[in-house]
>>> print(open('entry_32.cif').read())   # mmCIF, C-alpha atoms and all ligand atoms
data_query
loop_
_atom_site.label_atom_id
_atom_site.label_comp_id
_atom_site.auth_asym_id
_atom_site.auth_seq_id
_atom_site.Cartn_x
_atom_site.Cartn_y
_atom_site.Cartn_z
CA MET A 1 51.89 178.18 122.41
CA ASN A 2 52.47 181.84 123.31
CA VAL A 3 49.51 183.40 125.14
CA PRO A 4 49.31 187.21 124.93
CA PRO A 5 49.81 188.69 128.39
CA ARG A 6 46.65 189.86 130.12
CA PRO A 7 46.08 193.59 129.85
CA PRO A 8 46.95 195.78 132.83
CA LEU A 9 43.97 197.13 134.75
CA PRO A 10 43.81 200.89 134.03
CA HIS A 11 44.07 203.33 136.95
CA GLY A 12 41.12 205.56 137.75
CA PRO A 13 37.36 205.22 137.66
CA TYR A 14 36.10 201.69 137.08
CA LEU A 15 32.56 201.96 135.76
CA LEU A 16 29.84 199.39 136.29
CA CYS A 17 27.31 198.96 133.51
CA ASP A 18 24.47 197.61 135.63
CA ASP A 19 21.01 196.37 134.67
CA SER A 20 19.42 197.39 137.99
CA LEU A 21 19.53 201.16 137.34
CA ARG A 22 18.01 203.28 134.54
CA PRO A 23 15.83 200.51 133.02
CA GLU A 24 14.78 202.91 130.27
CA LEU A 25 18.30 202.58 128.83
CA SER A 26 19.59 199.33 127.36
CA LEU A 27 22.89 197.96 128.61
CA VAL A 28 24.46 198.86 125.28
CA GLU A 29 23.20 202.44 125.56
CA LYS A 30 24.61 202.69 129.08
CA ALA A 31 27.94 201.28 127.91
CA GLU A 32 28.06 203.72 124.99
CA ARG A 33 27.49 206.69 127.32
CA LEU A 34 30.09 205.46 129.82
CA LEU A 35 32.60 204.95 127.00
CA ALA A 36 31.79 208.35 125.46
CA GLY A 37 32.93 209.85 128.76
CA GLY A 38 36.26 208.08 128.44
CA ALA A 39 35.68 205.00 130.64
CA ARG A 40 38.75 202.80 130.35
CA VAL A 41 37.39 199.84 132.26
CA LEU A 42 33.82 198.74 132.43
CA GLN A 43 32.24 195.87 134.37
CA LEU A 44 29.03 194.47 132.94
CA ARG A 45 26.82 193.52 135.91
CA MET A 46 23.63 191.73 134.98
CA LYS A 47 21.60 190.45 137.92
CA HIS A 48 18.21 190.70 136.24
CA THR A 49 18.85 189.93 132.57
CA PRO A 50 17.76 186.53 131.19
CA PRO A 51 20.62 184.37 129.86
CA ARG A 52 20.12 184.77 126.10
CA GLU A 53 19.69 188.51 126.42
CA ALA A 54 22.71 188.62 128.72
CA LEU A 55 24.87 186.84 126.14
CA ALA A 56 23.77 189.23 123.39
CA ALA A 57 24.40 192.22 125.67
CA ALA A 58 27.82 190.87 126.68
CA ARG A 59 28.86 190.43 123.04
CA ALA A 60 27.64 193.91 122.09
CA VAL A 61 29.19 195.63 125.11
CA VAL A 62 32.53 193.85 124.69
CA ALA A 63 32.58 194.92 121.03
CA ARG A 64 31.90 198.58 122.02
CA CYS A 65 34.62 198.43 124.67
CA ARG A 66 37.15 196.97 122.24
CA GLN A 67 36.33 199.68 119.66
CA ALA A 68 36.91 202.31 122.34
CA GLY A 69 40.13 200.69 123.58
CA ALA A 70 38.55 199.97 126.97
CA LEU A 71 38.55 196.78 129.02
CA CYS A 72 35.34 194.88 129.60
CA LEU A 73 34.98 192.55 132.57
CA LEU A 74 31.93 190.38 133.25
CA ASN A 75 30.47 190.39 136.74
CA ASP A 76 30.03 186.83 138.07
CA ARG A 77 29.74 185.12 134.69
CA VAL A 78 32.86 183.29 133.55
CA ASP A 79 30.84 181.49 130.86
CA LEU A 80 29.66 184.78 129.34
CA ALA A 81 33.16 186.26 129.57
CA LEU A 82 34.50 183.40 127.45
CA LEU A 83 31.62 183.43 124.98
CA ALA A 84 31.84 187.20 124.53
CA ASP A 85 35.64 187.30 124.48
CA ALA A 86 35.69 189.75 127.39
CA HIS A 87 38.92 190.85 129.04
CA GLY A 88 38.05 189.06 132.25
CA VAL A 89 35.67 188.65 135.16
CA HIS A 90 34.94 189.92 138.64
CA VAL A 91 33.92 187.27 141.18
CA GLY A 92 32.90 187.39 144.83
CA ASP A 93 32.03 184.96 147.62
CA GLU A 94 28.82 183.81 145.96
CA ASP A 95 30.39 183.14 142.57
CA LEU A 96 32.80 180.56 141.19
CA PRO A 97 35.98 180.60 143.25
CA PRO A 98 38.78 182.65 141.69
CA GLU A 99 40.92 179.52 141.17
CA ALA A 100 38.16 178.03 139.01
CA ALA A 101 37.71 181.32 137.14
CA ARG A 102 41.44 181.37 136.41
CA GLU A 103 41.36 177.71 135.33
CA LEU A 104 38.61 178.46 132.83
CA LEU A 105 39.93 181.83 131.64
CA GLY A 106 43.61 180.91 131.43
CA PRO A 107 46.48 183.36 131.83
CA GLY A 108 45.34 185.84 129.16
CA ARG A 109 42.36 187.36 130.97
CA LEU A 110 41.88 189.29 134.19
CA VAL A 111 40.32 187.89 137.35
CA GLY A 112 39.11 190.41 139.92
CA VAL A 113 37.99 189.26 143.36
CA THR A 114 35.97 190.94 146.11
CA ALA A 115 37.81 191.33 149.41
CA ARG A 116 36.58 192.78 152.68
CA GLY A 117 40.03 193.50 154.10
CA THR A 118 43.74 192.68 153.92
CA GLN A 119 43.27 188.97 154.64
CA GLY A 120 40.91 188.73 151.70
CA ALA A 121 43.42 190.48 149.48
CA LEU A 122 46.17 188.02 150.50
CA ALA A 123 43.82 185.09 149.80
CA ALA A 124 42.91 186.59 146.43
CA LEU A 125 46.58 186.79 145.46
CA ALA A 126 47.07 183.12 146.41
CA ALA A 127 44.00 182.23 144.32
CA GLY A 128 45.44 183.84 141.21
CA ALA A 129 43.56 187.16 141.18
CA ASP A 130 44.86 190.25 139.41
CA TYR A 131 43.16 192.88 141.58
CA VAL A 132 40.74 193.15 144.47
CA GLY A 133 37.51 195.10 144.72
CA VAL A 134 37.36 196.27 148.34
CA GLY A 135 34.21 197.55 149.98
CA PRO A 136 31.79 198.72 150.95
CA LEU A 137 33.86 201.84 151.23
CA PHE A 138 30.84 204.05 152.03
CA GLY A 139 27.13 203.41 152.44
CA THR A 140 25.35 202.35 149.27
CA THR A 141 21.75 201.77 148.25
CA THR A 142 22.65 200.00 145.01
CA LYS A 143 23.17 196.67 146.77
CA GLN A 144 22.57 195.19 150.23
CA VAL A 145 26.10 194.30 151.24
CA GLN A 146 26.56 191.83 154.10
CA ALA A 147 29.73 193.47 155.37
CA PRO A 148 30.41 196.60 157.42
CA VAL A 149 31.22 199.92 155.81
CA LEU A 150 35.00 200.36 155.88
CA GLY A 151 35.37 204.12 155.71
CA LEU A 152 38.41 205.88 154.26
CA GLU A 153 40.88 205.22 157.07
CA ALA A 154 40.37 201.44 157.18
CA PHE A 155 40.31 201.37 153.38
CA LYS A 156 43.62 203.23 153.23
CA ARG A 157 45.19 200.58 155.49
CA VAL A 158 43.97 197.82 153.16
CA VAL A 159 45.43 199.70 150.18
CA ALA A 160 48.78 199.97 151.95
CA GLN A 161 48.83 196.29 152.95
CA SER A 162 47.29 194.66 149.89
CA PRO A 163 49.65 192.73 147.64
CA LEU A 164 47.26 193.36 144.74
CA PRO A 165 45.95 196.57 143.18
CA VAL A 166 42.86 197.75 145.06
CA VAL A 167 39.66 199.10 143.52
CA GLY A 168 37.37 200.72 146.10
CA ILE A 169 33.63 200.13 145.75
CA GLY A 170 30.43 201.23 147.48
CA GLY A 171 29.09 204.76 147.65
CA VAL A 172 31.86 206.20 145.49
CA GLY A 173 30.95 209.29 143.49
CA LEU A 174 32.03 212.75 142.50
CA ALA A 175 31.79 213.97 146.10
CA ASN A 176 34.46 211.55 147.38
CA ILE A 177 36.38 209.96 144.49
CA ALA A 178 39.35 212.32 144.89
CA ARG A 179 39.68 211.22 148.52
CA VAL A 180 39.50 207.56 147.44
CA ALA A 181 42.28 208.20 144.91
CA ALA A 182 44.33 209.99 147.58
CA THR A 183 44.50 206.73 149.59
CA GLY A 184 46.67 205.31 146.80
CA ALA A 185 43.87 203.09 145.48
CA HIS A 186 44.44 201.80 141.97
CA GLY A 187 40.84 202.44 141.01
CA ALA A 188 37.40 203.45 142.23
CA ALA A 189 34.31 201.55 141.14
CA VAL A 190 31.22 203.64 140.50
CA VAL A 191 27.70 202.48 139.79
CA SER A 192 24.87 204.88 140.69
CA ASP A 193 26.79 208.16 140.67
CA ALA A 194 27.50 207.68 136.98
CA LEU A 195 24.42 205.81 135.77
CA LEU A 196 21.92 208.08 137.53
CA ALA A 197 23.51 211.25 136.19
CA GLN A 198 21.52 213.14 133.62
CA ASP A 199 24.61 213.32 131.41
CA ILE A 200 26.42 210.03 132.00
CA ALA A 201 29.36 210.80 129.71
CA GLU A 202 30.02 214.17 131.34
CA ARG A 203 29.84 212.56 134.80
CA VAL A 204 32.47 209.99 133.80
CA ARG A 205 34.75 212.82 132.58
CA LEU A 206 34.32 214.64 135.89
CA LEU A 207 34.95 211.45 137.88
CA ALA A 208 38.19 210.84 135.96
CA GLU A 209 39.39 214.41 136.51
CA ALA A 210 38.62 214.21 140.22
CA PHE A 211 40.36 210.83 140.55
CA ASP A 212 43.47 212.22 138.84
CA ARG A 213 43.45 215.25 141.13
CA GLY A 214 43.27 213.01 144.21
CA ALA A 215 45.94 210.62 142.91
CA ARG A 216 48.31 213.53 142.18
CA GLY A 217 47.79 214.76 145.73
CA ALA A 218 48.66 211.29 147.03
CA SER A 219 51.82 211.07 144.95
CA LEU A 220 52.94 214.53 146.16
CA GLU A 221 52.44 213.29 149.75
CA THR A 222 54.47 210.10 149.26
CA GLY A 223 57.16 211.91 147.25
C1 LIG B 301 35.17 196.11 141.52
C2 LIG B 301 34.16 195.29 142.23
N1 LIG B 301 34.36 195.01 143.53
C3 LIG B 301 33.45 194.29 144.20
C4 LIG B 301 32.32 193.82 143.57
C5 LIG B 301 31.31 192.97 144.29
O1 LIG B 301 31.28 191.66 143.72
P1 LIG B 301 30.46 190.51 144.45
O2 LIG B 301 30.93 190.45 145.85
O3 LIG B 301 30.55 189.29 143.65
O4 LIG B 301 28.99 191.07 144.42
P2 LIG B 301 28.08 191.30 143.12
O5 LIG B 301 28.59 192.47 142.35
O6 LIG B 301 28.11 190.06 142.30
O7 LIG B 301 26.73 191.58 143.68
C6 LIG B 301 32.16 194.13 142.22
N2 LIG B 301 31.09 193.72 141.53
N3 LIG B 301 33.09 194.86 141.57
C1 LIG B 302 28.14 195.91 143.48
C2 LIG B 302 28.64 196.38 144.78
N1 LIG B 302 29.48 195.62 145.56
C3 LIG B 302 29.77 196.22 146.71
C4 LIG B 302 30.62 195.60 147.74
O1 LIG B 302 30.95 196.28 148.73
O2 LIG B 302 30.95 194.44 147.55
S1 LIG B 302 29.06 197.72 146.88
C5 LIG B 302 28.32 197.57 145.36
C6 LIG B 302 27.42 198.60 144.77
C7 LIG B 302 28.10 199.93 144.58
O3 LIG B 302 27.17 200.78 144.00
P1 LIG B 302 27.26 202.35 144.15
O4 LIG B 302 28.47 202.82 143.42
O5 LIG B 302 25.98 202.84 143.50
O6 LIG B 302 27.28 202.66 145.62
MG MG B 303 29.40 188.45 142.28
#
>>> encode(input="entry_32.cif", output="structure tokens", more="lines below")
Ligand SMILES: Cc1ncc(COP(=O)(O)OP(=O)(O)O)c(N)n1
Ligand SMILES: Cc1nc(C(=O)O)sc1CCOP(=O)(O)O
Ligand SMILES: [Mg+2]
Amino acid sequence: MNVPPRPPLPHGPYLLCDDSLRPELSLVEKAERLLAGGARVLQLRMKHTPPREALAAARAVVARCRQAGALCLLNDRVDLALLADAHGVHVGDEDLPPEAARELLGPGRLVGVTARGTQGALAALAAGADYVGVGPLFGTTTKQVQAPVLGLEAFKRVVAQSPLPVVGIGGVGLANIARVAATGAHGAAVVSDALLAQDIAERVRLLAEAFDRGARGASLETG
């Protein structure tokens, strides 16, 4: 049986639709605003949503993403990704191992894995991952991360050495996303800078413009 190839991960801002910020907005409302700003990849991160509500939200958000031509990845939850027909998952050390995620999801969906450095990126490749989320790049208050802040220089080395596309995460926002893009990173994951903005859609547009500016600078540098 022919399985359609998994979609490529788009370059640029990688937006998290998270239930821990802006509780006055539903996850679907957050997703709609992120997508209205042109988000091309969205990760649905639900740490506080009960299972039945999470399944309904996953189905609704995946449907919105598909309508908008964007990818939807589920944070942690391989079961919800399958039930909601999402484009894939993102898993870290406290989740199912990436090999198991790949076994369940098959070859047609994306598996993203958290890495703290180059060794983690090499291990993720061996485990069948499609990309790595590398962080924390800068300080963040969105999550207590049990790993040191990398900073741009160390992050740039990981980008250069990683065999997989790298998405930077942690403290990324409009003030620094161009510099993240200038490292050659494939993407930059943003949670609070987008979701806490008064106009979420406009913030996503600005983040994408700034990422493109930084990436163009990087490609001029490398010829
Ligand atoms: C793109 C991206 N990178 C890293 C993470 C962190 O995932 P994880 O380590 O599993 O932590 P939680 O998000 O589950 O708290 C991510 N979500 N996305
Ligand atoms: C979910 C997550 N994972 C991280 C990691 O380093 O593994 S940092 C993080 C939160 C990022 O939020 P913000 O964009 O608001 O700083
Ligand atoms: Mg996780």
>>> residues_near_ligand(input="entry_32.cif", ligand="ligand LIG 301 (chain B)", cutoff="6 Å", atoms="all atoms listed in the file", output="PyMOL selection string")
chain A and resi 75-76+91-93+114+133-134+167+169+189
>>> closest_residue(input="entry_32.cif", among="A:Gln119, A:Leu73, A:Thr141, A:Ala208", to="Val191 (chain A)", atoms="all atoms listed in the file")
A:Thr141
>>> closest_residue(input="entry_32.cif", among="A:Gly170, A:Gly128, A:Pro7, A:Gly120", to="Gln144 (chain A)", atoms="only C-alpha atoms")
A:Gly170
>>> axis_aligned_box(input="entry_32.cif", around="ligand LIG 302 (chain B)", padding_each_side="5 Å", output="lines of an AutoDock Vina configuration file")
center_x = 28.5
center_y = 198.6
center_z = 146.1
size_x = 15.0
size_y = 18.4
size_z = 15.3
>>> closest_residue(input="entry_32.cif", among="A:Gln198, A:Ser162, A:Gln43, A:Thr183", to="Gly117 (chain A)", atoms="only C-alpha atoms")
A:Ser162
>>> closest_residue(input="entry_32.cif", among="A:Asp95, A:Glu209, A:Asp199, A:Asp130", to="ligand MG 303 (chain B)", atoms="all atoms listed in the file")
A:Asp95
>>> atom_distance(input="entry_32.cif", atom1="CA of Cys17 (chain A)", atom2="CA of Glu32 (chain A)")
9.8 Å
>>> atom_distance(input="entry_32.cif", atom1="CA of Arg6 (chain A)", atom2="CA of His186 (chain A)")
17.0 Å
>>> atom_distance(input="entry_32.cif", atom1="CA of Val3 (chain A)", atom2="CA of Ala57 (chain A)")
26.6 Å
>>> residues_around(input="entry_32.cif", residues="Gly88 (chain A)", least_positions_apart="4", cutoff="8 Å", atoms="all atoms listed in the file", output="PyMOL selection string")
chain A and resi 72-74+78+81+105+109-112
>>> closest_residue(input="entry_32.cif", among="A:Phe138, A:Ala70, A:Ser192, A:Ala101", to="Val113 (chain A)", atoms="all atoms listed in the file")
A:Ala101
>>> closest_residue(input="entry_32.cif", among="A:Pro148, A:Gly135, A:Gly187, A:Gly37", to="His11 (chain A)", atoms="only C-alpha atoms")
A:Gly187
>>> residues_around(input="entry_32.cif", residues="Thr118 (chain A)", least_positions_apart="4", cutoff="8 Å", atoms="all atoms listed in the file", output="number ranges by chain")
A: 122, 158, 161-162
>>> decode(input="entry_32.cif", residues="region 129-142 of chain A", atoms="all heavy atoms", output="PDB file, in the first residue's frame")
ATOM      1  N   ALA A 129      13.127  10.602  14.229  1.00  0.00           N
ATOM      2  CA  ALA A 129      12.492  11.931  14.275  1.00  0.00           C
ATOM      3  C   ALA A 129      12.668  12.660  12.945  1.00  0.00           C
ATOM      4  O   ALA A 129      13.585  12.370  12.167  1.00  0.00           O
ATOM      5  CB  ALA A 129      13.113  12.761  15.402  1.00  0.00           C
ATOM      6  N   ASP A 130      11.787  13.649  12.747  1.00  0.00           N
ATOM      7  CA  ASP A 130      11.866  14.487  11.540  1.00  0.00           C
ATOM      8  C   ASP A 130      12.538  15.827  11.808  1.00  0.00           C
ATOM      9  O   ASP A 130      13.054  16.450  10.890  1.00  0.00           O
ATOM     10  CB  ASP A 130      10.449  14.765  11.017  1.00  0.00           C
ATOM     11  CG  ASP A 130       9.789  13.483  10.555  1.00  0.00           C
ATOM     12  OD1 ASP A 130      10.267  12.899   9.582  1.00  0.00           O
ATOM     13  OD2 ASP A 130       8.811  13.058  11.203  1.00  0.00           O
ATOM     14  N   TYR A 131      12.429  16.309  13.040  1.00  0.00           N
ATOM     15  CA  TYR A 131      13.060  17.583  13.404  1.00  0.00           C
ATOM     16  C   TYR A 131      13.307  17.561  14.900  1.00  0.00           C
ATOM     17  O   TYR A 131      12.755  16.709  15.619  1.00  0.00           O
ATOM     18  CB  TYR A 131      12.174  18.787  13.011  1.00  0.00           C
ATOM     19  CG  TYR A 131      10.975  18.983  13.908  1.00  0.00           C
ATOM     20  CD1 TYR A 131      11.044  19.792  15.040  1.00  0.00           C
ATOM     21  CD2 TYR A 131       9.774  18.315  13.656  1.00  0.00           C
ATOM     22  CE1 TYR A 131       9.950  19.944  15.888  1.00  0.00           C
ATOM     23  CE2 TYR A 131       8.684  18.465  14.487  1.00  0.00           C
ATOM     24  CZ  TYR A 131       8.778  19.283  15.603  1.00  0.00           C
ATOM     25  OH  TYR A 131       7.702  19.425  16.448  1.00  0.00           O
ATOM     26  N   VAL A 132      14.125  18.488  15.365  1.00  0.00           N
ATOM     27  CA  VAL A 132      14.317  18.628  16.814  1.00  0.00           C
ATOM     28  C   VAL A 132      13.921  20.028  17.264  1.00  0.00           C
ATOM     29  O   VAL A 132      14.195  21.017  16.580  1.00  0.00           O
ATOM     30  CB  VAL A 132      15.772  18.339  17.263  1.00  0.00           C
ATOM     31  CG1 VAL A 132      16.021  16.844  17.347  1.00  0.00           C
ATOM     32  CG2 VAL A 132      16.802  19.010  16.373  1.00  0.00           C
ATOM     33  N   GLY A 133      13.290  20.073  18.428  1.00  0.00           N
ATOM     34  CA  GLY A 133      13.025  21.334  19.115  1.00  0.00           C
ATOM     35  C   GLY A 133      14.157  21.501  20.116  1.00  0.00           C
ATOM     36  O   GLY A 133      14.340  20.645  20.989  1.00  0.00           O
ATOM     37  N   VAL A 134      14.942  22.566  19.981  1.00  0.00           N
ATOM     38  CA  VAL A 134      16.137  22.726  20.810  1.00  0.00           C
ATOM     39  C   VAL A 134      15.981  23.955  21.709  1.00  0.00           C
ATOM     40  O   VAL A 134      15.707  25.059  21.233  1.00  0.00           O
ATOM     41  CB  VAL A 134      17.400  22.850  19.921  1.00  0.00           C
ATOM     42  CG1 VAL A 134      18.630  23.177  20.767  1.00  0.00           C
ATOM     43  CG2 VAL A 134      17.623  21.548  19.150  1.00  0.00           C
ATOM     44  N   GLY A 135      16.168  23.748  23.007  1.00  0.00           N
ATOM     45  CA  GLY A 135      16.033  24.858  23.933  1.00  0.00           C
ATOM     46  C   GLY A 135      16.429  24.437  25.333  1.00  0.00           C
ATOM     47  O   GLY A 135      16.930  23.324  25.520  1.00  0.00           O
ATOM     48  N   PRO A 136      16.250  25.312  26.315  1.00  0.00           N
ATOM     49  CA  PRO A 136      15.710  26.647  26.135  1.00  0.00           C
ATOM     50  C   PRO A 136      16.757  27.591  25.550  1.00  0.00           C
ATOM     51  O   PRO A 136      17.858  27.696  26.066  1.00  0.00           O
ATOM     52  CB  PRO A 136      15.321  27.061  27.553  1.00  0.00           C
ATOM     53  CG  PRO A 136      16.234  26.279  28.448  1.00  0.00           C
ATOM     54  CD  PRO A 136      16.518  25.001  27.734  1.00  0.00           C
ATOM     55  N   LEU A 137      16.342  28.260  24.498  1.00  0.00           N
ATOM     56  CA  LEU A 137      17.244  29.164  23.806  1.00  0.00           C
ATOM     57  C   LEU A 137      17.511  30.395  24.667  1.00  0.00           C
ATOM     58  O   LEU A 137      18.653  30.832  24.818  1.00  0.00           O
ATOM     59  CB  LEU A 137      16.568  29.519  22.485  1.00  0.00           C
ATOM     60  CG  LEU A 137      17.247  30.304  21.399  1.00  0.00           C
ATOM     61  CD1 LEU A 137      18.705  29.980  21.278  1.00  0.00           C
ATOM     62  CD2 LEU A 137      16.534  30.049  20.106  1.00  0.00           C
ATOM     63  N   PHE A 138      16.461  30.957  25.247  1.00  0.00           N
ATOM     64  CA  PHE A 138      16.553  32.107  26.163  1.00  0.00           C
ATOM     65  C   PHE A 138      15.722  31.764  27.402  1.00  0.00           C
ATOM     66  O   PHE A 138      15.052  30.732  27.432  1.00  0.00           O
ATOM     67  CB  PHE A 138      15.986  33.373  25.505  1.00  0.00           C
ATOM     68  CG  PHE A 138      16.579  33.692  24.166  1.00  0.00           C
ATOM     69  CD1 PHE A 138      15.824  33.543  23.007  1.00  0.00           C
ATOM     70  CD2 PHE A 138      17.885  34.145  24.045  1.00  0.00           C
ATOM     71  CE1 PHE A 138      16.353  33.845  21.757  1.00  0.00           C
ATOM     72  CE2 PHE A 138      18.425  34.442  22.798  1.00  0.00           C
ATOM     73  CZ  PHE A 138      17.663  34.293  21.656  1.00  0.00           C
ATOM     74  N   GLY A 139      15.766  32.650  28.393  1.00  0.00           N
ATOM     75  CA  GLY A 139      14.954  32.440  29.582  1.00  0.00           C
ATOM     76  C   GLY A 139      13.472  32.482  29.233  1.00  0.00           C
ATOM     77  O   GLY A 139      13.059  33.214  28.338  1.00  0.00           O
ATOM     78  N   THR A 140      12.702  31.669  29.922  1.00  0.00           N
ATOM     79  CA  THR A 140      11.254  31.652  29.679  1.00  0.00           C
ATOM     80  C   THR A 140      10.504  31.491  30.992  1.00  0.00           C
ATOM     81  O   THR A 140      10.988  30.816  31.904  1.00  0.00           O
ATOM     82  CB  THR A 140      10.858  30.508  28.726  1.00  0.00           C
ATOM     83  OG1 THR A 140       9.426  30.481  28.621  1.00  0.00           O
ATOM     84  CG2 THR A 140      11.334  29.137  29.203  1.00  0.00           C
ATOM     85  N   THR A 141       9.341  32.115  31.078  1.00  0.00           N
ATOM     86  CA  THR A 141       8.500  31.924  32.261  1.00  0.00           C
ATOM     87  C   THR A 141       7.303  31.034  31.939  1.00  0.00           C
ATOM     88  O   THR A 141       6.494  30.735  32.796  1.00  0.00           O
ATOM     89  CB  THR A 141       7.981  33.288  32.784  1.00  0.00           C
ATOM     90  OG1 THR A 141       7.369  33.978  31.706  1.00  0.00           O
ATOM     91  CG2 THR A 141       9.098  34.121  33.370  1.00  0.00           C
ATOM     92  N   THR A 142       7.200  30.604  30.697  1.00  0.00           N
ATOM     93  CA  THR A 142       6.049  29.789  30.295  1.00  0.00           C
ATOM     94  C   THR A 142       6.145  28.383  30.891  1.00  0.00           C
ATOM     95  O   THR A 142       5.147  27.744  31.174  1.00  0.00           O
ATOM     96  CB  THR A 142       5.952  29.723  28.769  1.00  0.00           C
ATOM     97  OG1 THR A 142       5.837  31.063  28.272  1.00  0.00           O
ATOM     98  CG2 THR A 142       4.775  28.914  28.294  1.00  0.00           C
TER      99      THR A 142
END
